[in-house]
Structures are given as structure tokens and as C-alpha cells.
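> Structure incoming, see below.
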Amino acid sequence: MLNLNKSSIKINLKKGSSSMTKSAPSNLVKEKISTLLSDLSLPDSELLNDCIHSIIKMQQHNVEENDLKLLSTALEEFRDIFKLFQRYRDVRKITIFGSARCKPSHPNYILAEQTAKSLSKKGYMIITGAGPGIMEAGNKGALLNKSFGLNILLPFEQLANQYIEGSSKLISFKYFFTRKLAFIRESDGTVLFPGGFGTHDEGFELLTLIQTGRCAPRPFILINHPDSSYWQHWKTYVQNELLEKEYISKDDMSIFSICDSVDDVEKTISQFYHNYHSIRYTSQSTFLRLNHPLSETHLKTINQEFKHLITHDKFSFTPANTPVKEDPYFPDKPKLIFQFNRTDYSGLYPLIYYLNSLSIE
């Protein structure tokens with residue numbers, strides 16, 4: 001029983017309750033939620049109202065206690081994610097994945113530490129899984145207060161490594177799915193070192209999210225030390241077993257890059273954001289935000305070479321500081337606007353590579 005003393009509102013969530021049955025009018029429930037938000041001095045936003053309404057509707061279907069425990073824990077973990085990363089949303093961040101079993105003396109551990117150090121010096125913040133191995137190397141290499149740790153609570157108790165333990169930028173998760181969402185949603189690039197099932201799970205999930213448009217385009221780098229052929233063997237498998245058998249498209253192969261040095265990683269990430277800034281999809285149009293303007297010649301080439309990405313009309317260009325109703329964000333950025341077919345998400349990578357290759361005047 002939820003009893004609000006301020007307004008004497010009662011919302012009974014017990015099974016079989018007559019106070020909130022399946023037949024309760026939706027508008028009545030939302031009205032009570034609005035009053036609740038008002039009494040708690042919270043903004044009565046439509047989205048917040050919808051969130052609470054959804055939870056109440058779940059209980060109307062007699063969900064089990066374990067289902068509510070899962071929901072409660074997941075919401076707490078989302079709250080921790082939003083609270084931690086909110087103040088750093090304007091800073092580019094790179095997630096580093098890799099084996100937890102990699103020893104400090106291993107070339108990949110040393111390379112991961114050097115990579116994190118170099119990227120943090122360039123202004124990037126580092127996100128790792130907070131555990132040992134490659135994760136530890138990432139936190140160790142990053143400059144002071146320039147890294148995050150997203151630890152997972154496992155039956156055999158994976159403890160946070162010494163370089164992130166006790167930090168205000170450390171979160172411990174019960175669920176993999178909330179943790180994995182944080183890795184991707186809060187970062188702007190991914191560097192994947194060799195590893196086992198967990199590393200491949202994280203890598204293939206990211207490839208799938210990019211391929212299906214659930215993750216915005218980003219630099220996705222596979223890296224191993226120069227004497228290793230780990231990712232080259234992986235790429236051969238993908239080419240022979242996935243691409244040649246038509247389980248993926250040719251453009252899917254452009255999502256990732258293979259590097260073997262810190263300089264390669266730096267250049268790949270820097271080049272990816274050389275002209276490309278970010279992207280926004282709306283029901284009508286897609287807005288690809290740029291760091292530099294396009295010439296008429298460049299726009300003409302885009303309309304010739306990438307017309308397969310649009311459903312109708314042509315690519316158009318809007319200069320910086322031009323109001324765009326559907327995309328009010330980043331008004332200082334010029335924008336390439338088009339009616340994207342919403343299927344060839346991997347095909348956006350060749351377009352981005354072309355934009356990044358242009359000589360900027």
C-alpha cells in the first residue's frame with residue numbers, strides 16, 4: 001500500500017485489490033500519478049508519468065514477486081548510470097573490452113595500458129568493466145579521474161581492480177544487460193582486445209546494434225599486439241563463413257577496423273570524428289551532423305555515390321546556425337539531411353568515411 005500523507009492518495013498494488021483493477025480508467029490512474037508528482041515537487045512530465053503508469057499496469061496482470069524484484073533492481077541500476085554519466089555527456093568516451101585473464105606482463109595488457117593513457121591525454125575518458133586483465137590495464141593507463149569502471153557482481157565475486165576501486169566513477173551491476181547498455185550508450189567508440197566468450201559477446205552485440213541501427217555509428221576497433229594474428233583469424237572466419245555465405249552484407253565489413261598499435265587507434269578514432277559529429281533519426285528525415293561545411297561538388301558526389309541509402313528526393317545540406325525544426329540540437333553544426341531507407345545502417349559507414357576524407361577548407 002502506497003500512502004501519500006500530503007494528499008491522502010492511495011494506490012493499492014496488492015494482487016486482487018479493488019483499488020486499481022484492470023478496468024480502472026487509464027486517465028484516472030495518470031491523474032493520480034500527476035498529483036503524486038506534484039506533491040513530491042517533481043516535474044510532471046509525460047514520460048515520467050508513463051513510466052510510473054507502466055509499472056502499475058504490470059501489477060494489474062499479477063506479475064510475480066521475482067519479476068518486480070528484477071524490475072526494481074534494473075531501475076536502480078539505470079538510476080546509477082544516469083546519475084554518474086550525466087555530467088560527462090559532453091565528453092567523448094571510449095570503452096575498452098578484453099580478457100579478464102590477461103596478465104600484466106602480457107603484450108596486450110601493456111598495449112591496453114598504453115592505449116588508455118594515450119587516449120586520455122587526447123581528452124577522451126575511458127570506460128572499462130572494472131575487473132582484472134585488460135579492464136585493469138585500461139583503468140591503470142587512464143589519467144587520474146579520467147576513467148570509469150562498470151563492475152559485474154558474479155557468483156565468484158569479481159572484485160573491482162585496484163585502479164578504480166573506491167572511485168566515485170565505479171558502479172557494480174547485478175545484471176549484464178544494464179551494464180552492457182551503459183557500455184554502449186555512454187561511449188563514443190569501442191576498442192576490443194582479444195578475449196574469451198565475454199569479449200566476443202560484447203563485440204558481436206555491438207556489431208548487431210550498429211547493423212540494425214540501435215547504436216549510432218562509432219569507431220569500432222579490434223586490436224592486438226603486432227605479433228598476434230587473433231583478429232586476423234577472426235576476420236577470416238567472418239569473411240569465409242558469414243560474408244561469402246551471404247549472412248551479412250559487404251558494408252557490414254566496414255563497421256570495424258583492425259589495429260596493432262596505439263598510433264593506429266588514435267588515428268582511427270580521430271579520423272572518424274574528423275568531419276562526422278553525430279546523427280539523429282526522426283520519423284521524416286535523418287540528420288547527419290558535421291564539423292565542417294560541404295561544397296556543391298561534394299554534395300553532388302554524395303547524391304551520385306550514395307543514392308542507394310535514400311528512399312526518395314536527394315541529399316540536401318544545411319549550413320551551420322540554420323534553424324532546423326526536427327533537429328534543434330547542435331545548431332552550430334552544418335547538417336546533411338536525407339530520407340534514409342532505415343535498413344542499410346552499415347552503409348552509413350562508407351558515407352561517413354567519404355565525408356571524413358574531404359579536404360576541409
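Residues in the C-alpha cells are numbered from 1 in each chain, the chains being A, B, ... in the order shown, and ligands are numbered from 1 in the order shown.
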Find the residues near Asp313 of chain A: any atom within 12 Å, counting only C-alpha atoms, skip ones fewer than 5 places away on the same chain, and give them as a ChimeraX atom specification.
/A:285,303,307-308,337-341
> Give me the residues within 6 Å of segment 209-224 of chain A as a list in words, counting only C-alpha atoms and dropping any in the same chain fewer than 3 places off.
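My list of contacting residues is Gly189, Thr190, Val191, Leu192, Phe193, Leu206, Phe256, Ser257, Ile258, Cys259, Asp260, Ile269, Tyr345 and Ser346 of chain A.
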> Please produce a file of those selected residues containing N, CA and C atoms, as a compact mmCIF listing (two decimals), in the first residue's frame.

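Output below, filename again_24.txt:
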# COMPACT_ATOMS: atom_id res chain seq x y z
N GLY A 189 33.04 5.33 -28.76
CA GLY A 189 33.90 4.45 -29.53
C GLY A 189 34.22 3.23 -28.70
N THR A 190 34.63 2.16 -29.38
CA THR A 190 34.91 0.90 -28.70
C THR A 190 36.23 0.32 -29.19
N VAL A 191 37.06 -0.10 -28.25
CA VAL A 191 38.33 -0.76 -28.56
C VAL A 191 38.28 -2.15 -27.95
N LEU A 192 38.37 -3.16 -28.80
CA LEU A 192 38.19 -4.55 -28.38
C LEU A 192 39.51 -5.30 -28.48
N PHE A 193 40.04 -5.72 -27.33
CA PHE A 193 41.24 -6.54 -27.27
C PHE A 193 40.85 -8.01 -27.29
N LEU A 206 27.56 -5.44 -30.12
CA LEU A 206 27.75 -4.09 -30.67
C LEU A 206 27.63 -4.09 -32.18
N PHE A 256 33.99 -2.33 -38.66
CA PHE A 256 35.14 -2.47 -37.76
C PHE A 256 36.47 -2.22 -38.47
N SER A 257 37.47 -1.87 -37.67
CA SER A 257 38.84 -1.67 -38.15
C SER A 257 39.77 -2.50 -37.28
N ILE A 258 40.84 -3.03 -37.87
CA ILE A 258 41.82 -3.79 -37.11
C ILE A 258 43.10 -2.97 -36.99
N CYS A 259 43.57 -2.82 -35.75
CA CYS A 259 44.78 -2.04 -35.46
C CYS A 259 45.76 -2.89 -34.65
N ASP A 260 47.02 -2.48 -34.65
CA ASP A 260 48.00 -3.19 -33.84
C ASP A 260 48.94 -2.24 -33.10
N ILE A 269 40.26 6.76 -34.45
CA ILE A 269 39.21 7.47 -33.71
C ILE A 269 39.17 8.93 -34.14
N TYR A 345 21.97 0.43 -42.44
CA TYR A 345 22.71 1.19 -41.42
C TYR A 345 24.22 1.02 -41.57
N SER A 346 24.65 -0.18 -41.97
CA SER A 346 26.08 -0.38 -42.20
C SER A 346 26.57 0.48 -43.36
> For the atom pair atom CA of Glu165 of chain A and atom CA of Gly203 of chain A, what is the interatomic distance in Å to one decimal place?
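These two atoms are separated by 25.3 Å.
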> From the DSSP assignment of the backbone, select every residue of segment 144-357 of chain A that is helix (DSSP H, G or I), and format the answer as number ranges by chain.
A: 176-185, 197-211, 230-243, 250-254, 262-272, 296-305, 307-309, 348-357
> Could those selected residues go to a file with C-alpha atoms, as a short mmCIF file (atom, residue, chain, number, x, y, z; two decimals), in the first residue's frame?

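Okay, this is what ended up in result.cif:
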data_model
loop_
_atom_site.label_atom_id
_atom_site.label_comp_id
_atom_site.auth_asym_id
_atom_site.auth_seq_id
_atom_site.Cartn_x
_atom_site.Cartn_y
_atom_site.Cartn_z
CA PHE A 176 24.66 -7.89 -17.54
CA PHE A 177 22.01 -6.24 -19.71
CA THR A 178 22.01 -2.94 -17.79
CA ARG A 179 25.81 -2.96 -17.66
CA LYS A 180 26.12 -3.63 -21.40
CA LEU A 181 23.67 -0.85 -22.16
CA ALA A 182 25.84 1.56 -20.16
CA PHE A 183 28.99 0.48 -22.03
CA ILE A 184 27.42 1.37 -25.37
CA ARG A 185 25.03 4.21 -24.56
CA PHE A 197 33.25 -15.62 -24.60
CA GLY A 198 32.50 -12.38 -22.76
CA THR A 199 34.64 -10.30 -25.12
CA HIS A 200 33.02 -11.85 -28.19
CA ASP A 201 29.58 -11.41 -26.66
CA GLU A 202 30.24 -7.69 -26.21
CA GLY A 203 31.77 -7.38 -29.65
CA PHE A 204 29.06 -9.22 -31.58
CA GLU A 205 26.28 -7.46 -29.70
CA LEU A 206 27.75 -4.09 -30.67
CA LEU A 207 28.08 -5.19 -34.29
CA THR A 208 24.43 -6.25 -34.23
CA LEU A 209 23.27 -2.98 -32.68
CA ILE A 210 25.15 -0.95 -35.27
CA GLN A 211 23.94 -3.16 -38.13
CA TYR A 230 43.99 -13.09 -33.26
CA TRP A 231 41.72 -10.64 -35.04
CA GLN A 232 43.04 -11.52 -38.48
CA HIS A 233 41.88 -15.10 -37.90
CA TRP A 234 38.55 -13.76 -36.66
CA LYS A 235 38.17 -11.61 -39.77
CA THR A 236 38.94 -14.60 -42.00
CA TYR A 237 36.19 -16.57 -40.28
CA VAL A 238 33.72 -13.70 -40.72
CA GLN A 239 34.62 -13.36 -44.40
CA ASN A 240 34.50 -17.08 -45.18
CA GLU A 241 31.57 -18.15 -43.05
CA LEU A 242 29.38 -15.04 -42.85
CA LEU A 243 30.10 -12.76 -45.79
CA LYS A 250 29.67 -6.21 -47.77
CA ASP A 251 29.01 -2.94 -45.94
CA ASP A 252 28.87 -4.83 -42.63
CA MET A 253 32.59 -5.42 -43.02
CA SER A 254 33.18 -1.66 -42.93
CA VAL A 262 48.38 2.93 -30.13
CA ASP A 263 49.04 5.33 -33.01
CA ASP A 264 46.66 3.36 -35.25
CA VAL A 265 43.93 3.52 -32.61
CA GLU A 266 44.40 7.25 -32.11
CA LYS A 267 44.32 7.97 -35.83
CA THR A 268 41.27 5.77 -36.44
CA ILE A 269 39.21 7.47 -33.71
CA SER A 270 40.39 10.97 -34.62
CA GLN A 271 39.67 10.41 -38.30
CA PHE A 272 36.20 9.03 -37.58
CA GLU A 296 28.30 21.88 -54.02
CA THR A 297 30.74 19.48 -55.66
CA HIS A 298 30.84 17.28 -52.56
CA LEU A 299 27.06 17.25 -52.31
CA LYS A 300 26.75 16.29 -55.96
CA THR A 301 29.15 13.37 -55.43
CA ILE A 302 27.19 12.20 -52.39
CA ASN A 303 23.95 12.21 -54.38
CA GLN A 304 25.62 10.12 -57.08
CA GLU A 305 27.53 7.63 -54.94
CA LYS A 307 21.69 7.43 -53.57
CA HIS A 308 21.01 3.78 -52.64
CA LEU A 309 20.74 4.92 -48.98
CA LEU A 348 26.29 4.78 -43.42
CA TYR A 349 29.92 3.90 -42.69
CA PRO A 350 31.17 4.35 -46.29
CA LEU A 351 29.29 7.67 -46.36
CA ILE A 352 30.94 8.76 -43.12
CA TYR A 353 34.36 7.66 -44.41
CA TYR A 354 33.80 9.72 -47.55
CA LEU A 355 32.82 12.79 -45.52
CA ASN A 356 35.88 12.37 -43.32
CA SER A 357 38.16 12.09 -46.35
#
> Name all residues at most 12 Å from Leu48 of chain A (count only C-alpha atoms; drop same-chain ones fewer than 5 positions away) and give them as an NGL selection string.
:A and (30 or 33-34 or 36-38 or 42-43 or 53-55)
> Neighbours of segment 327-336 of chain A within 12 Å (only C-alpha atoms; same-chain residues fewer than 4 positions away dropped), as a VMD selection string?
chain A and resid 90 275 to 295 298 to 299 302 to 303 314 to 323 340 351 to 352 355
> Next, write the just-selected residues to a file, as a CSV table (one decimal), in the first residue's frame, keeping N, CA and C atoms as the atom set.

chain,number,residue,atom,x,y,z
A,90,ASP,N,29.1,15.5,-22.4
A,90,ASP,CA,29.7,16.3,-23.4
A,90,ASP,C,31.1,15.9,-23.7
A,275,ASN,N,35.2,14.9,-39.6
A,275,ASN,CA,34.1,15.7,-40.1
A,275,ASN,C,32.7,15.3,-39.6
A,276,TYR,N,32.6,14.0,-39.4
A,276,TYR,CA,31.3,13.4,-38.8
A,276,TYR,C,31.3,13.8,-37.4
A,277,HIS,N,30.1,14.3,-36.9
A,277,HIS,CA,30.0,14.7,-35.5
A,277,HIS,C,29.0,13.7,-34.8
A,278,SER,N,27.8,13.6,-35.3
A,278,SER,CA,26.8,12.7,-34.7
A,278,SER,C,25.6,12.6,-35.7
A,279,ILE,N,24.6,11.8,-35.3
A,279,ILE,CA,23.5,11.5,-36.2
A,279,ILE,C,22.2,11.5,-35.4
A,280,ARG,N,21.1,11.9,-36.0
A,280,ARG,CA,19.8,11.9,-35.4
A,280,ARG,C,18.7,11.4,-36.4
A,281,TYR,N,17.9,10.4,-36.0
A,281,TYR,CA,16.9,9.9,-36.9
A,281,TYR,C,15.5,10.4,-36.4
A,282,THR,N,14.7,10.9,-37.3
A,282,THR,CA,13.3,11.2,-37.0
A,282,THR,C,12.4,10.4,-37.9
A,283,SER,N,11.1,10.6,-37.7
A,283,SER,CA,10.2,9.8,-38.5
A,283,SER,C,10.2,10.3,-39.9
A,284,GLN,N,10.7,11.5,-40.2
A,284,GLN,CA,10.7,12.0,-41.6
A,284,GLN,C,12.1,12.0,-42.2
A,285,SER,N,13.1,12.4,-41.4
A,285,SER,CA,14.4,12.6,-42.0
A,285,SER,C,15.5,12.1,-41.1
A,286,THR,N,16.7,12.0,-41.7
A,286,THR,CA,17.9,11.7,-40.9
A,286,THR,C,18.8,12.9,-41.0
A,287,PHE,N,19.4,13.3,-39.9
A,287,PHE,CA,20.3,14.4,-39.9
A,287,PHE,C,21.7,14.0,-39.5
A,288,LEU,N,22.6,14.1,-40.4
A,288,LEU,CA,24.0,13.7,-40.1
A,288,LEU,C,24.7,15.0,-39.9
A,289,ARG,N,25.1,15.2,-38.6
A,289,ARG,CA,25.7,16.5,-38.3
A,289,ARG,C,27.2,16.5,-38.6
A,290,LEU,N,27.7,17.6,-39.0
A,290,LEU,CA,29.1,17.7,-39.5
A,290,LEU,C,29.9,18.7,-38.7
A,291,ASN,N,31.2,18.6,-38.7
A,291,ASN,CA,32.1,19.6,-38.1
A,291,ASN,C,32.5,20.7,-39.1
A,292,HIS,N,32.3,20.4,-40.4
A,292,HIS,CA,32.7,21.3,-41.5
A,292,HIS,C,31.7,21.4,-42.6
A,293,PRO,N,31.6,22.5,-43.3
A,293,PRO,CA,30.6,22.6,-44.4
A,293,PRO,C,31.0,21.7,-45.6
A,294,LEU,N,30.0,21.5,-46.5
A,294,LEU,CA,30.2,20.8,-47.7
A,294,LEU,C,30.1,21.7,-48.9
A,295,SER,N,30.8,21.4,-49.9
A,295,SER,CA,30.7,22.2,-51.1
A,295,SER,C,29.7,21.6,-52.0
A,298,HIS,N,30.9,18.4,-53.5
A,298,HIS,CA,30.8,17.3,-52.6
A,298,HIS,C,29.4,16.7,-52.5
A,299,LEU,N,28.5,17.7,-52.4
A,299,LEU,CA,27.1,17.3,-52.3
A,299,LEU,C,26.6,16.5,-53.6
A,302,ILE,N,28.0,13.0,-53.4
A,302,ILE,CA,27.2,12.2,-52.4
A,302,ILE,C,25.9,11.7,-53.0
A,303,ASN,N,25.2,12.6,-53.7
A,303,ASN,CA,24.0,12.2,-54.4
A,303,ASN,C,24.2,11.2,-55.5
A,314,LYS,N,16.6,13.9,-52.6
A,314,LYS,CA,18.1,13.9,-52.6
A,314,LYS,C,18.7,14.3,-51.3
A,315,PHE,N,19.9,14.1,-51.2
A,315,PHE,CA,20.7,14.6,-50.0
A,315,PHE,C,20.6,16.1,-50.1
A,316,SER,N,20.4,16.8,-49.0
A,316,SER,CA,20.5,18.2,-49.0
A,316,SER,C,21.4,18.7,-47.9
A,317,PHE,N,21.9,19.9,-48.0
A,317,PHE,CA,22.8,20.4,-47.0
A,317,PHE,C,22.3,21.7,-46.4
A,318,THR,N,22.4,21.8,-45.0
A,318,THR,CA,22.0,22.9,-44.3
A,318,THR,C,23.2,23.5,-43.6
A,319,PRO,N,23.6,24.8,-43.8
A,319,PRO,CA,24.7,25.4,-43.2
A,319,PRO,C,24.6,25.5,-41.7
A,320,ALA,N,25.6,25.7,-41.0
A,320,ALA,CA,25.6,25.9,-39.5
A,320,ALA,C,24.7,27.1,-39.1
A,321,ASN,N,24.1,27.0,-37.9
A,321,ASN,CA,23.3,28.1,-37.4
A,321,ASN,C,22.1,28.4,-38.2
A,322,THR,N,21.6,27.4,-38.9
A,322,THR,CA,20.3,27.5,-39.7
A,322,THR,C,19.3,26.7,-38.9
A,323,PRO,N,18.3,27.3,-38.4
A,323,PRO,CA,17.2,26.6,-37.6
A,323,PRO,C,16.7,25.4,-38.4
A,340,PHE,N,16.5,8.6,-45.2
A,340,PHE,CA,17.3,7.3,-45.1
A,340,PHE,C,16.3,6.1,-45.2
A,351,LEU,N,29.6,6.3,-46.2
A,351,LEU,CA,29.3,7.7,-46.4
A,351,LEU,C,30.1,8.5,-45.4
A,352,ILE,N,30.2,8.0,-44.1
A,352,ILE,CA,30.9,8.8,-43.1
A,352,ILE,C,32.4,8.8,-43.5
A,355,LEU,N,32.9,11.5,-46.1
A,355,LEU,CA,32.8,12.8,-45.5
A,355,LEU,C,34.1,13.1,-44.8
> What is the atom CA of Lys103 of chain A-atom CA of Ser228 of chain A distance in Å, reported with one decimal?
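If I compute the distance from atom CA of Lys103 of chain A to atom CA of Ser228 of chain A, I get 15.8 Å.
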> From a DSSP pass on the backbone, collect the residues of segment 183-291 of chain A flagged as strand (DSSP E or B) and hand them back as a list in words.
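Matching residues for strand (DSSP E or B) in segment 183-291 of chain A are Gly189, Thr190, Val191, Leu192, Phe220, Ile221, Leu222, Ile223, Phe256, Ser257, Ile258, Cys259, Tyr276, His277, Ser278, Ile279, Arg280, Tyr281, Thr286, Phe287, Leu288, Arg289 and Leu290 of chain A.
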> For those residues, write C-alpha atoms to a file as a short mmCIF file (atom, residue, chain, number, x, y, z; two decimals), in the first residue's frame.

data_model
loop_
_atom_site.label_atom_id
_atom_site.label_comp_id
_atom_site.auth_asym_id
_atom_site.auth_seq_id
_atom_site.Cartn_x
_atom_site.Cartn_y
_atom_site.Cartn_z
CA GLY A 189 33.90 4.45 -29.53
CA THR A 190 34.91 0.90 -28.70
CA VAL A 191 38.33 -0.76 -28.56
CA LEU A 192 38.19 -4.55 -28.38
CA PHE A 220 34.80 0.08 -33.55
CA ILE A 221 38.40 -1.08 -33.29
CA LEU A 222 39.76 -4.60 -32.92
CA ILE A 223 43.31 -4.50 -31.60
CA PHE A 256 35.14 -2.47 -37.76
CA SER A 257 38.84 -1.67 -38.15
CA ILE A 258 41.82 -3.79 -37.11
CA CYS A 259 44.78 -2.04 -35.46
CA TYR A 276 31.34 13.45 -38.83
CA HIS A 277 29.96 14.65 -35.50
CA SER A 278 26.76 12.72 -34.73
CA ILE A 279 23.47 11.53 -36.19
CA ARG A 280 19.76 11.87 -35.41
CA TYR A 281 16.89 9.86 -36.87
CA THR A 286 17.89 11.67 -40.93
CA PHE A 287 20.27 14.42 -39.85
CA LEU A 288 23.97 13.72 -40.13
CA ARG A 289 25.73 16.49 -38.25
CA LEU A 290 29.12 17.66 -39.48
#
